[in-house]
Amino acid sequence: MHLSKHAMPVCLALLAAAGMLAAAEPTEESRLLAACQTLLQVPLSAPDLRVLADFARTTEQAPDLRSRAMAAYAAAVLLQGNTNTFARAQQVHRTTFPDDAALLPLTAEQYTAACADCGGGGRRAGTACPACLGRGHIFKLSPLVHTHYTALLEDIAARCRDNADFAARFLEASRETRDDARIERLHAITNQFARRPNLAPALALLDDGLAKRAARQLAQEEREARQRAEREAAALRTLAEGPDRARAIRALRDHLAVHPNEPAALDLQALLEELVAKQERQRLLRNVWTALAVLLGLLAAVPVLRFLLVRQHVRKVGPLPGMDRIDKTAFTDPLSLTAEDSRARVKRKTARIPPPDSTGSTD
């Protein structure tokens, strides 16, 4: 079974939430909290001190609580006057938790005092002082020991309550089905518990939620961009079908210059090339018609120019050769005669017109 890179942090976070829920139930940590609350009221309650000792020995528990439980138990031993046991417990604590030596800073100065009988020398009248048994000091607790013990118990109780609160809130956030609400809850948890050592599951779940939200927003932006590109492409196709072809070509070129890699770029490029080809054919056709119109105009202007520029030769009309020697008195216009005169003239007065000779003269 393979998990995606986003599913893995979620699974780890859910497992951590389950563990925190178990910690929030009446288990070791909850019993530790109850013991600390009792010891704050009854500082040397034996059953509750055993809870501290058992918790400190359990390696499965949180190291910070184990270290504090061991330090509190050692302080309780000192309150009971067991200085040797306290010294051994202090040494074990420093060995087990070397970074937490400050949790148990008590020294002999806080639980011993110079013997008043021997003046701290350990001997009186040549023999060992019976009051201090020759040690020169007696057991005397400083108020700082009880104060430090109480502070340790309060710190342990606060950490237990903090763990329970964190576990409950983290479990609630991990069960939230709304992404934005889960992210908001996780932000609040990681800000409030920023110094927790086991904050990694919450941070992993928060990072996963942020990544999913970013991916969702990116998908939404891509979808909106795709829809916007489709609307713009449809508007450009509508413009290309209109009468203003030059405007459509300019709009297509501007759009492709800004969006060269959009899905509809190939279709729009083909549409642009088609419009450019149509415009070129229209230009060529317009040039042909212009040339034809010029040619027809020239053909129509040639006769006019010829009439205006070329001078015409006028033919003179005159009498035929020899007509000036005809006896006009012997010739009567037949159109001026009546029918009767014409018949009479044919019978009595017909005269022939002599034909012209070879030189053009008559007899």
# chains A, B, ... in the order shown; residues from 1 in each chain; ligands from 1

$ residues_around --residues "Gln90 (chain A)" --least-positions-apart "3" --cutoff "8 Å" --atoms "only C-alpha atoms" --output "short mmCIF file (atom, residue, chain, number, x, y, z; two decimals) with N, CA and C atoms, in the first residue's frame"
data_model
loop_
_atom_site.label_atom_id
_atom_site.label_comp_id
_atom_site.auth_asym_id
_atom_site.auth_seq_id
_atom_site.Cartn_x
_atom_site.Cartn_y
_atom_site.Cartn_z
N ALA A 71 12.87 14.56 40.16
CA ALA A 71 13.36 15.66 41.00
C ALA A 71 12.42 15.91 42.17
N ALA A 74 12.90 13.17 44.75
CA ALA A 74 14.13 13.38 45.52
C ALA A 74 13.94 14.48 46.56
N PHE A 86 18.62 11.11 49.41
CA PHE A 86 18.50 12.28 48.53
C PHE A 86 19.75 12.45 47.68
N ALA A 87 20.92 12.27 48.28
CA ALA A 87 22.17 12.44 47.53
C ALA A 87 22.26 11.43 46.40
N HIS A 93 19.54 11.43 39.08
CA HIS A 93 18.84 12.41 38.23
C HIS A 93 19.82 13.12 37.31
N ARG A 94 20.96 13.51 37.84
CA ARG A 94 21.94 14.22 37.02
C ARG A 94 22.53 13.30 35.95
N LEU A 104 17.10 20.33 40.17
CA LEU A 104 17.41 19.87 41.53
C LEU A 104 18.71 20.53 42.01
#

$ select_by_dssp --residues "region 55-182 of chain A" --states "strand (DSSP E)" --output "ChimeraX atom specification"
/A:112-114,123-124,127-128,137-139

$ select_by_dssp --residues "region 7-252 of chain A" --states "alpha helix (DSSP H)" --output "PyMOL selection string"
chain A and resi 7-24+28-41+46-57+63-79+83-96+143-174+179-192+200-240+245-252

$ residues_around --residues "Glu176 (chain A)" --least-positions-apart "4" --cutoff "12 Å" --atoms "only C-alpha atoms" --output "PyMOL selection string"
chain A and resi 14+169-172+180-186+205+209

$ closest_residue --among "A:Pro321, A:Gly297, A:Pro43, A:Pro98" --to "Thr147 (chain A)" --atoms "only C-alpha atoms"
A:Pro43

$ residues_around --residues "Arg68 (chain A)" --least-positions-apart "5" --cutoff "8 Å" --atoms "only C-alpha atoms" --output "list in words"
Leu103, Leu152 and Ile156 of chain A

$ closest_residue --among "A:Thr150, A:Asn84, A:Gln192, A:Asn287" --to "Asp165 (chain A)" --atoms "only C-alpha atoms"
A:Gln192
